[in-house]
$ cat run_17.csv   # CSV, C-alpha atoms (C1' of nucleotides)
chain,number,residue,atom,x,y,z
B,1,MET,CA,15.3,-68.1,-2.8
B,2,ILE,CA,16.0,-67.1,0.8
B,3,VAL,CA,13.1,-65.5,2.5
B,4,ALA,CA,14.1,-62.5,4.6
B,5,ARG,CA,13.2,-62.9,8.2
B,6,LEU,CA,10.6,-60.5,9.6
B,7,SER,CA,12.9,-59.9,12.6
B,8,ASP,CA,15.7,-58.7,10.3
B,9,ILE,CA,13.3,-56.3,8.6
B,10,ILE,CA,12.1,-54.9,11.9
B,11,GLU,CA,15.7,-54.6,13.0
B,12,GLU,CA,16.6,-52.5,9.9
B,13,PHE,CA,13.5,-50.4,10.4
B,14,ILE,CA,14.4,-49.5,13.9
B,15,LYS,CA,18.1,-48.8,13.0
B,16,THR,CA,17.0,-46.4,10.3
B,17,LEU,CA,14.8,-44.6,12.9
B,18,LEU,CA,17.7,-44.6,15.3
B,19,LYS,CA,20.0,-43.0,12.8
B,20,GLN,CA,17.5,-40.3,12.1
B,21,SER,CA,17.2,-39.5,15.7
B,22,GLU,CA,20.9,-39.6,16.7
B,23,GLY,CA,21.0,-42.8,18.6
B,24,GLU,CA,18.0,-42.4,20.9
B,25,LEU,CA,14.4,-43.4,20.1
B,26,GLU,CA,11.0,-44.0,21.7
B,27,LEU,CA,8.4,-46.2,20.1
B,28,GLN,CA,5.2,-48.0,20.9
B,29,ARG,CA,5.2,-51.7,20.8
B,30,ASN,CA,1.6,-52.3,19.7
B,31,GLU,CA,1.9,-49.6,17.0
B,32,LEU,CA,5.0,-51.2,15.5
B,33,ALA,CA,3.5,-54.7,15.8
B,34,GLU,CA,0.4,-53.5,13.9
B,35,TYR,CA,2.6,-51.9,11.3
B,36,PHE,CA,4.4,-55.1,10.6
B,37,GLU,CA,1.3,-57.3,11.2
B,38,CYS,CA,3.0,-59.4,13.7
B,39,ALA,CA,2.5,-60.5,17.3
B,40,PRO,CA,3.5,-57.7,19.8
B,41,SER,CA,5.8,-60.1,21.5
B,42,GLN,CA,7.8,-60.3,18.3
B,43,ILE,CA,8.9,-56.8,18.9
B,44,ASN,CA,10.3,-58.0,22.2
B,45,TYR,CA,12.1,-60.7,20.4
B,46,VAL,CA,13.7,-58.3,18.1
B,47,LEU,CA,14.7,-56.1,20.9
B,48,ALA,CA,16.2,-58.9,22.9
B,49,THR,CA,18.1,-60.5,20.1
B,50,ARG,CA,19.1,-57.4,18.0
B,51,PHE,CA,19.3,-54.6,20.4
B,52,SER,CA,21.0,-56.4,23.3
B,53,LEU,CA,23.7,-54.9,25.5
B,54,ASP,CA,26.2,-57.1,23.7
B,55,ARG,CA,25.2,-55.3,20.5
B,56,GLY,CA,25.6,-51.9,22.3
B,57,TYR,CA,22.1,-50.9,23.0
B,58,HIS,CA,20.1,-50.2,26.1
B,59,ILE,CA,16.4,-50.6,26.4
B,60,GLU,CA,14.0,-48.9,28.9
B,61,SER,CA,10.2,-49.0,28.9
B,62,ARG,CA,7.1,-48.1,30.7
B,63,ARG,CA,3.7,-49.8,30.7
B,64,GLY,CA,0.3,-48.4,31.1
B,65,GLY,CA,-1.4,-45.6,29.3
B,66,GLY,CA,1.2,-43.5,27.4
B,67,GLY,CA,3.6,-46.4,27.7
B,68,PHE,CA,6.7,-46.6,25.4
B,69,ILE,CA,9.9,-48.4,24.7
B,70,ARG,CA,13.1,-46.3,24.6
B,71,ILE,CA,16.1,-47.6,22.7
B,72,VAL,CA,19.5,-46.0,23.3
B,73,LYS,CA,22.7,-46.7,21.4
B,74,LEU,CA,25.4,-46.8,23.9
B,75,ASP,CA,28.7,-45.1,23.6
B,76,MET,CA,31.3,-46.6,26.0
B,77,ASP,CA,34.9,-45.9,26.6
B,78,LYS,CA,37.0,-48.4,24.6
B,79,ASP,CA,39.4,-49.5,27.3
B,80,ASP,CA,36.7,-49.6,30.0
B,81,TYR,CA,34.6,-51.7,27.7
B,82,LEU,CA,37.3,-54.2,26.9
B,83,LEU,CA,38.1,-54.6,30.6
B,84,TYR,CA,34.5,-55.0,31.4
B,85,LEU,CA,34.2,-57.8,28.8
B,86,ILE,CA,37.3,-59.6,30.1
B,87,LYS,CA,36.7,-59.2,33.8
B,88,GLN,CA,32.9,-59.5,34.0
B,89,ARG,CA,30.9,-60.1,30.9
B,90,ILE,CA,32.5,-63.2,29.4
B,91,GLY,CA,32.8,-65.4,32.5
B,92,THR,CA,33.8,-69.0,32.2
B,93,SER,CA,31.5,-70.0,29.3
B,94,ILE,CA,29.8,-68.2,26.5
B,95,SER,CA,27.7,-69.0,23.4
B,96,TRP,CA,28.6,-68.3,19.8
B,97,GLN,CA,25.8,-65.9,19.4
B,98,GLU,CA,27.0,-63.8,22.3
B,99,THR,CA,30.6,-63.7,21.1
B,100,ASP,CA,29.5,-62.8,17.6
B,101,ASP,CA,27.5,-59.9,19.0
B,102,ILE,CA,30.3,-58.7,21.1
B,103,VAL,CA,32.9,-58.9,18.3
B,104,THR,CA,30.5,-57.1,15.9
B,105,ASN,CA,30.0,-54.5,18.5
B,106,ILE,CA,33.7,-53.7,19.2
B,107,MET,CA,34.2,-53.5,15.5
B,108,GLU,CA,31.4,-51.0,15.1
B,109,LYS,CA,33.0,-49.0,18.0
B,110,GLY,CA,36.2,-48.8,15.9
B,111,ILE,CA,38.2,-50.8,18.5
B,112,ILE,CA,39.1,-53.4,15.9
B,113,ASN,CA,38.8,-53.4,12.1
B,114,LYS,CA,36.9,-55.7,9.8
B,115,ARG,CA,39.7,-58.1,9.3
B,116,GLU,CA,40.4,-58.4,12.9
B,117,ALA,CA,36.7,-59.0,13.5
B,118,ALA,CA,36.7,-61.8,10.9
B,119,LEU,CA,39.8,-63.3,12.5
B,120,MET,CA,38.2,-63.4,15.9
B,121,LYS,CA,34.8,-64.7,14.7
B,122,ALA,CA,36.6,-67.5,12.8
B,123,ALA,CA,38.3,-68.7,16.0
B,124,LEU,CA,35.0,-68.6,17.9
B,125,ARG,CA,32.7,-70.7,15.6
B,126,ASP,CA,31.1,-73.9,16.7
B,127,LYS,CA,32.6,-75.8,13.8
B,128,VAL,CA,36.1,-74.8,14.7
B,129,ILE,CA,35.7,-75.7,18.3
B,130,ALA,CA,34.7,-79.2,17.4
B,131,ILE,CA,34.3,-80.7,20.9
B,132,PRO,CA,31.3,-81.6,23.1
B,133,ALA,CA,29.0,-78.6,23.5
B,134,ASN,CA,29.4,-78.3,27.2
B,135,LEU,CA,33.2,-77.8,26.8
B,136,ARG,CA,32.9,-75.6,23.8
B,137,GLY,CA,31.5,-72.6,25.7
B,138,ILE,CA,34.5,-72.8,28.0
B,139,ILE,CA,37.1,-72.9,25.3
B,140,ARG,CA,35.2,-70.1,23.5
B,141,ALA,CA,35.3,-67.9,26.6
B,142,ASN,CA,39.1,-68.6,27.0
B,143,THR,CA,39.7,-67.7,23.4
B,144,LEU,CA,37.7,-64.5,23.3
B,145,LYS,CA,39.3,-63.3,26.5
B,146,ALA,CA,42.8,-64.1,25.2
B,147,MET,CA,42.2,-62.3,22.0
B,148,LEU,CA,40.8,-59.2,23.8
B,149,VAL,CA,43.9,-59.2,25.9
B,150,ALA,CA,46.0,-59.3,22.8
B,151,ILE,CA,44.1,-56.3,21.4
B,152,ILE,CA,44.7,-54.3,24.5
B,153,SER,CA,48.4,-55.3,24.6
B,154,THR,CA,48.9,-54.3,21.0
B,155,GLN,CA,47.1,-51.1,20.6
B,156,GLY,CA,49.9,-48.6,20.9
J,1,MET,CA,28.3,-99.2,-17.0
J,2,ILE,CA,29.3,-96.5,-14.6
J,3,VAL,CA,26.4,-95.0,-12.8
J,4,ALA,CA,27.1,-91.4,-11.8
J,5,ARG,CA,26.8,-91.1,-8.1
J,6,LEU,CA,24.2,-88.7,-6.8
J,7,SER,CA,26.9,-86.9,-4.7
J,8,ASP,CA,28.8,-86.2,-7.9
J,9,ILE,CA,25.7,-84.8,-9.6
J,10,ILE,CA,25.0,-82.5,-6.7
J,11,GLU,CA,28.6,-81.5,-6.6
J,12,GLU,CA,28.5,-80.5,-10.3
J,13,PHE,CA,25.2,-78.7,-9.8
J,14,ILE,CA,26.6,-76.6,-7.0
J,15,LYS,CA,29.8,-75.8,-9.0
J,16,THR,CA,27.7,-74.6,-11.9
J,17,LEU,CA,25.8,-72.3,-9.6
J,18,LEU,CA,29.0,-71.1,-8.1
J,19,LYS,CA,30.4,-70.2,-11.5
J,20,GLN,CA,27.3,-68.3,-12.3
J,21,SER,CA,27.5,-66.3,-9.1
J,22,GLU,CA,31.2,-65.6,-9.1
J,23,GLY,CA,32.3,-68.0,-6.4
J,24,GLU,CA,29.8,-67.2,-3.7
J,25,LEU,CA,26.5,-68.8,-3.2
J,26,GLU,CA,23.7,-69.2,-0.7
J,27,LEU,CA,21.3,-72.1,-0.8
J,28,GLN,CA,18.8,-73.9,1.3
J,29,ARG,CA,19.5,-77.5,2.3
J,30,ASN,CA,16.0,-78.8,2.3
J,31,GLU,CA,15.2,-77.2,-1.0
J,32,LEU,CA,18.2,-78.8,-2.6
J,33,ALA,CA,17.5,-82.1,-1.0
J,34,GLU,CA,13.9,-82.0,-2.3
J,35,TYR,CA,15.1,-81.0,-5.8
J,36,PHE,CA,17.4,-84.1,-5.9
J,37,GLU,CA,15.0,-86.3,-4.0
J,38,CYS,CA,17.5,-87.2,-1.4
J,39,ALA,CA,17.9,-87.1,2.3
J,40,PRO,CA,18.8,-83.6,3.5
J,41,SER,CA,21.9,-85.0,5.2
J,42,GLN,CA,23.2,-86.0,1.9
J,43,ILE,CA,23.7,-82.3,1.1
J,44,ASN,CA,25.9,-82.2,4.2
J,45,TYR,CA,27.9,-85.1,2.9
J,46,VAL,CA,28.5,-83.5,-0.4
J,47,LEU,CA,29.6,-80.3,1.3
J,48,ALA,CA,31.9,-82.1,3.7
J,49,THR,CA,33.5,-84.3,1.0
J,50,ARG,CA,33.5,-82.0,-2.1
J,51,PHE,CA,33.5,-78.5,-0.7
J,52,SER,CA,35.9,-78.9,2.2
J,53,LEU,CA,38.5,-76.3,3.2
J,54,ASP,CA,41.2,-78.6,1.9
J,55,ARG,CA,39.6,-78.3,-1.5
J,56,GLY,CA,39.5,-74.6,-1.2
J,57,TYR,CA,35.9,-73.9,-0.2
J,58,HIS,CA,34.5,-72.2,2.9
J,59,ILE,CA,31.1,-73.0,4.3
J,60,GLU,CA,29.0,-71.0,6.7
J,61,SER,CA,25.4,-71.6,7.7
J,62,ARG,CA,22.5,-70.5,9.9
J,63,ARG,CA,19.6,-72.5,11.2
J,64,GLY,CA,16.1,-71.6,12.0
J,65,GLY,CA,13.5,-69.7,10.0
J,66,GLY,CA,15.2,-68.0,7.0
J,67,GLY,CA,18.2,-70.3,7.5
J,68,PHE,CA,20.8,-70.9,4.7
J,69,ILE,CA,24.1,-72.4,3.7
J,70,ARG,CA,26.7,-70.2,2.2
J,71,ILE,CA,29.5,-71.6,0.0
J,72,VAL,CA,32.5,-69.5,-0.9
J,73,LYS,CA,35.2,-70.6,-3.3
J,74,LEU,CA,38.5,-69.3,-2.1
J,75,ASP,CA,40.5,-67.5,-4.7
J,76,MET,CA,43.1,-70.0,-6.0
J,77,ASP,CA,45.1,-67.5,-8.0
J,78,LYS,CA,45.9,-65.2,-5.2
J,79,ASP,CA,47.2,-66.2,-1.8
J,80,ASP,CA,49.1,-69.2,-3.0
J,81,TYR,CA,51.0,-69.5,0.3
J,82,LEU,CA,47.9,-69.3,2.5
J,83,LEU,CA,46.1,-71.8,0.3
J,84,TYR,CA,49.1,-74.1,0.6
J,85,LEU,CA,48.9,-73.8,4.4
J,86,ILE,CA,45.2,-74.5,4.5
J,87,LYS,CA,45.2,-77.3,2.0
J,88,GLN,CA,48.4,-79.0,2.7
J,89,ARG,CA,50.6,-77.8,5.5
J,90,ILE,CA,48.4,-77.7,8.5
J,91,GLY,CA,46.5,-81.0,8.2
J,92,THR,CA,44.2,-82.3,10.8
J,93,SER,CA,46.4,-81.6,13.9
J,94,ILE,CA,49.2,-79.3,14.6
J,95,SER,CA,51.4,-78.3,17.6
J,96,TRP,CA,51.6,-74.8,19.2
J,97,GLN,CA,55.3,-74.4,18.1
J,98,GLU,CA,54.4,-75.1,14.5
J,99,THR,CA,51.5,-72.6,14.5
J,100,ASP,CA,53.6,-70.0,16.2
J,101,ASP,CA,56.2,-70.3,13.5
J,102,ILE,CA,53.6,-70.1,10.7
J,103,VAL,CA,52.0,-67.0,12.2
J,104,THR,CA,55.4,-65.3,12.7
J,105,ASN,CA,56.2,-66.2,9.2
J,106,ILE,CA,53.2,-64.8,7.5
J,107,MET,CA,53.7,-61.6,9.6
J,108,GLU,CA,57.2,-61.3,8.4
J,109,LYS,CA,56.0,-61.8,4.8
J,110,GLY,CA,53.7,-58.8,5.4
J,111,ILE,CA,50.5,-60.8,4.9
J,112,ILE,CA,49.3,-59.8,8.4
J,113,ASN,CA,50.4,-57.1,10.8
J,114,LYS,CA,51.6,-57.3,14.3
J,115,ARG,CA,48.3,-57.0,16.0
J,116,GLU,CA,46.7,-59.6,13.8
J,117,ALA,CA,49.6,-61.9,14.6
J,118,ALA,CA,49.0,-61.3,18.3
J,119,LEU,CA,45.3,-62.1,17.9
J,120,MET,CA,46.0,-65.3,16.1
J,121,LYS,CA,48.7,-66.5,18.5
J,122,ALA,CA,46.4,-65.7,21.4
J,123,ALA,CA,43.8,-68.1,20.0
J,124,LEU,CA,46.3,-70.9,19.4
J,125,ARG,CA,47.9,-71.1,22.8
J,126,ASP,CA,47.8,-74.4,24.8
J,127,LYS,CA,46.3,-72.6,27.8
J,128,VAL,CA,43.5,-71.2,25.8
J,129,ILE,CA,42.6,-74.6,24.3
J,130,ALA,CA,42.3,-76.2,27.7
J,131,ILE,CA,41.3,-79.7,26.6
J,132,PRO,CA,43.1,-83.0,26.5
J,133,ALA,CA,46.3,-82.8,24.5
J,134,ASN,CA,45.2,-85.3,21.8
J,135,LEU,CA,42.2,-83.1,21.0
J,136,ARG,CA,44.1,-79.8,21.3
J,137,GLY,CA,46.1,-80.2,18.2
J,138,ILE,CA,42.9,-80.9,16.2
J,139,ILE,CA,41.2,-77.8,17.5
J,140,ARG,CA,44.3,-75.8,16.9
J,141,ALA,CA,44.5,-76.9,13.3
J,142,ASN,CA,40.8,-76.0,12.8
J,143,THR,CA,41.4,-72.6,14.4
J,144,LEU,CA,44.4,-71.7,12.4
J,145,LYS,CA,42.8,-72.8,9.1
J,146,ALA,CA,39.6,-70.8,9.9
J,147,MET,CA,41.6,-67.7,10.7
J,148,LEU,CA,43.6,-68.0,7.5
J,149,VAL,CA,40.4,-68.3,5.6
J,150,ALA,CA,39.2,-65.2,7.3
J,151,ILE,CA,42.3,-63.4,6.2
J,152,ILE,CA,41.8,-64.5,2.6
J,153,SER,CA,38.2,-63.5,2.7
J,154,THR,CA,38.7,-60.1,4.1
J,155,GLN,CA,41.5,-58.6,2.0
J,156,GLY,CA,39.1,-57.0,-0.5
M,1,DA,C1',-8.8,-41.5,48.7
M,2,DA,C1',-9.8,-46.0,47.1
M,3,DA,C1',-11.4,-48.9,43.7
M,4,DT,C1',-12.1,-49.7,38.9
M,5,DT,C1',-10.9,-49.9,34.2
M,6,DG,C1',-8.5,-49.7,30.0
M,7,DA,C1',-4.2,-49.1,27.8
M,8,DA,C1',0.2,-50.2,27.4
M,9,DG,C1',4.3,-53.4,27.8
M,10,DG,C1',6.5,-58.3,29.6
M,11,DT,C1',7.1,-63.4,29.9
M,12,DC,C1',7.3,-67.8,28.6
M,13,DA,C1',6.4,-71.9,26.4
M,14,DA,C1',4.9,-74.2,22.3
M,15,DA,C1',5.0,-74.6,17.5
M,16,DG,C1',7.4,-74.0,13.2
M,17,DA,C1',11.5,-73.7,10.3
M,18,DT,C1',15.9,-74.7,9.3
M,19,DG,C1',20.4,-76.8,9.3
M,20,DG,C1',23.8,-80.5,11.9
M,21,DT,C1',25.5,-85.1,13.5
M,22,DC,C1',26.2,-89.7,13.7
M,23,DA,C1',25.9,-94.4,12.9
M,24,DA,C1',24.0,-98.1,10.4
M,25,DA,C1',23.1,-100.1,6.0
M,26,DG,C1',24.1,-100.3,1.1
M,27,DG,C1',27.4,-100.5,-2.8
M,28,DA,C1',31.4,-99.9,-5.5
M,29,DA,C1',36.2,-100.5,-6.0
M,30,DA,C1',40.6,-102.8,-5.0
U,1,DT,C1',36.9,-110.4,0.3
U,2,DT,C1',38.0,-106.4,2.3
U,3,DT,C1',37.9,-101.6,2.4
U,4,DC,C1',36.3,-97.3,1.3
U,5,DC,C1',32.7,-94.3,-0.2
U,6,DT,C1',27.7,-93.2,-0.4
U,7,DT,C1',23.0,-93.1,1.1
U,8,DT,C1',19.5,-92.9,4.7
U,9,DG,C1',17.1,-91.9,8.7
U,10,DA,C1',16.7,-91.1,13.6
U,11,DC,C1',17.7,-87.6,16.7
U,12,DC,C1',19.8,-83.0,17.9
U,13,DA,C1',20.6,-77.7,18.0
U,14,DT,C1',19.4,-73.3,16.8
U,15,DC,C1',16.5,-69.5,15.4
U,16,DT,C1',11.9,-67.4,14.6
U,17,DT,C1',7.0,-66.7,15.1
U,18,DT,C1',2.8,-66.9,17.7
U,19,DG,C1',-0.4,-66.7,21.5
U,20,DA,C1',-2.1,-67.2,26.2
U,21,DC,C1',-1.5,-65.1,30.4
U,22,DC,C1',0.8,-61.5,33.6
U,23,DT,C1',2.2,-56.8,35.3
U,24,DT,C1',2.2,-51.9,35.5
U,25,DC,C1',0.5,-47.3,35.0
U,26,DA,C1',-2.8,-43.4,34.3
U,27,DA,C1',-7.3,-41.9,34.1
U,28,DT,C1',-11.8,-42.3,35.7
U,29,DT,C1',-15.4,-43.4,38.9
U,30,DT,C1',-17.1,-44.2,43.6
$ encode --input "run_17.csv" --output "structure tokens"
Amino acid sequence: MIVARLSDIIEEFIKTLLKQSEGELELQRNELAEYFECAPSQINYVLATRFSLDRGYHIESRRGGGGFIRIVKLDMDKDDYLLYLIKQRIGTSISWQETDDIVTNIMEKGIINKREAALMKAALRDKVIAIPANLRGIIRANTLKAMLVAIISTQG
Amino acid sequence: MIVARLSDIIEEFIKTLLKQSEGELELQRNELAEYFECAPSQINYVLATRFSLDRGYHIESRRGGGGFIRIVKLDMDKDDYLLYLIKQRIGTSISWQETDDIVTNIMEKGIINKREAALMKAALRDKVIAIPANLRGIIRANTLKAMLVAIISTQG
DNA sequence: AAATTGAAGGTCAAAGATGGTCAAAGGAAA
DNA sequence: TTTCCTTTGACCATCTTTGACCTTCAATTT
């Protein structure tokens, strides 16, 4: 029996709230932590890992009395986003988790379909790039960039 | 007197579970190892030798809290040609020219479309797999097989 | 106005929870 | 005997949870 991760539960909870509020949401860290009976910093963990820029979200916050955390689901122009990925975001080396987030994100944006996403993720997995870890990130970056170029070149 | 090997017993156990769950299954390595009173790494051995891609299985996993191992039996009835490629044709190492031919071929057969072919070819190019030539063929074989599995797994 | 205080949120590293890899040792088969 | 397959264990990589300590902001008090 696989125990659901608390982080996943919190992620779903926030996503439900986001849907109800059209992609923009303010919440209070301590309140949420109390609701889920977890350390407040776990909320930061969820935000950092599940609502990252690579997953298409933007976070702002304010401390002090009346403080809050604002989560915004981003809506970027497709071509601009792909070029940003290729020219800036990916760089010379990248981790599996990052590429996985990016591919999921461009699928959710409708830039690629489910099968194309599966195809891309398959080529980016650690097991597939079975070489020393320090080189793996480099090959992964090459691969993702090459595939994104292929997408741009084939889209019309 | 032939003593059944533990690996064979674990193999059968997993296959039984797979049948009960229609070819797809998630399990926990430590739990299984504890059940059979063996080293956790023996589970990896069983997976590597009995549930390999060449035998028609696909394995995914995740570490950390709430981690798991997912085993998927690839459908043997459908996709004869893709299965043949994965299990026999590709092997442990393959050249760019061969993969290019294979991808073109499955596109012409209508198994994948133009964009998917472009995506696959992008990930298989020499320039993308920028490592010593002797290793490159191995990574390319891994990559192509993994992408074919993705195709099989996504056509539902 | 300046200082104080309490109410948020932020950071980071350690501990915990999984799975992965590899090589050596052990055994069975040829 | 030699080779190949299996079993084990030490060490590694990744992901999650927790807690101690830090920073910022608004309201209140001097």
$ interface_residues --input "run_17.csv" --of "chain J" --to "chain B" --cutoff "7 Å" --atoms "only C-alpha atoms" --output "list in words"
Gly66, Arg115, Glu116, Ala118, Leu119, Ala122, Ala123, Val128, Ile129, Ala130, Ile139, Asn142, Thr143, Ala146, Met147, Ala150, Ile151 and Thr154 of chain J
$ residues_around --input "run_17.csv" --residues "DT23 (chain U)" --least-positions-apart "5" --cutoff "12 Å" --atoms "all atoms listed in the file" --output "PyMOL selection string"
(chain B and resi 62-64) or (chain M and resi 8-11)
$ write_last_selection --input "run_17.csv" --atoms "C-alpha atoms (C1' of nucleotides)" --output "mmCIF file, in the coordinates of the input"
data_model
loop_
_atom_site.group_PDB
_atom_site.id
_atom_site.type_symbol
_atom_site.label_atom_id
_atom_site.label_comp_id
_atom_site.auth_asym_id
_atom_site.auth_seq_id
_atom_site.Cartn_x
_atom_site.Cartn_y
_atom_site.Cartn_z
ATOM 1 C CA ARG B 62 7.100 -48.100 30.700
ATOM 2 C CA ARG B 63 3.700 -49.800 30.700
ATOM 3 C CA GLY B 64 0.300 -48.400 31.100
ATOM 4 C "C1'" DA M 8 0.200 -50.200 27.400
ATOM 5 C "C1'" DG M 9 4.300 -53.400 27.800
ATOM 6 C "C1'" DG M 10 6.500 -58.300 29.600
ATOM 7 C "C1'" DT M 11 7.100 -63.400 29.900
#
$ interface_residues --input "run_17.csv" --of "chain M" --to "chain J" --cutoff "9 Å" --atoms "all atoms listed in the file" --output "list in words"
DG16, DA17, DT18, DG19 and DG20 of chain M
$ calpha_fit_rmsd --input "run_17.csv" --fixed "chain B" --moving "chain J"
11.6 Å
$ interface_residues --input "run_17.csv" --of "chain U" --to "chain J" --cutoff "6 Å" --atoms "all atoms listed in the file" --output "list of chain:residue names"
U:DT14, U:DC15, U:DT16
$ atom_distance --input "run_17.csv" --atom1 "CA of Ala48 (chain B)" --atom2 "CA of Ile71 (chain B)"
11.3 Å
$ atom_distance --input "run_17.csv" --atom1 "CA of Glu37 (chain J)" --atom2 "CA of Leu74 (chain J)"
29.1 Å
$ closest_residue --input "run_17.csv" --among "U:DA27, U:DC22, U:DC5, U:DC11" --to "DA23 (chain M)" --atoms "only C-alpha atoms (C1' of nucleotides)"
U:DC11
$ residues_around --input "run_17.csv" --residues "region 97-108 of chain B" --least-positions-apart "4" --cutoff "6 Å" --atoms "all atoms listed in the file" --output "ChimeraX atom specification"
/B:54-55,112-113
$ axis_aligned_box --input "run_17.csv" --around "region 90-94 of chain J" --padding-each-side "4 Å" --output "JSON"
{"center_x": 46.7, "center_y": -80.0, "center_z": 11.4, "size_x": 13.0, "size_y": 12.6, "size_z": 14.4}
$ atom_distance --input "run_17.csv" --atom1 "CA of Lys109 (chain B)" --atom2 "CA of Ser93 (chain B)"
23.9 Å
$ closest_residue --input "run_17.csv" --among "B:Asn134, B:Lys87, B:Trp96, B:Asp79" --to "Gly110 (chain B)" --atoms "only C-alpha atoms"
B:Asp79
$ closest_residue --input "run_17.csv" --among "M:DA24, M:DA1, M:DA7, M:DA13" --to "DT24 (chain U)" --atoms "all atoms listed in the file"
M:DA7
$ residues_around --input "run_17.csv" --residues "Asp75 (chain B)" --least-positions-apart "6" --cutoff "10 Å" --atoms "all atoms listed in the file" --output "JSON, numbers by chain"
{"B": [23, 56, 57, 81, 109]}
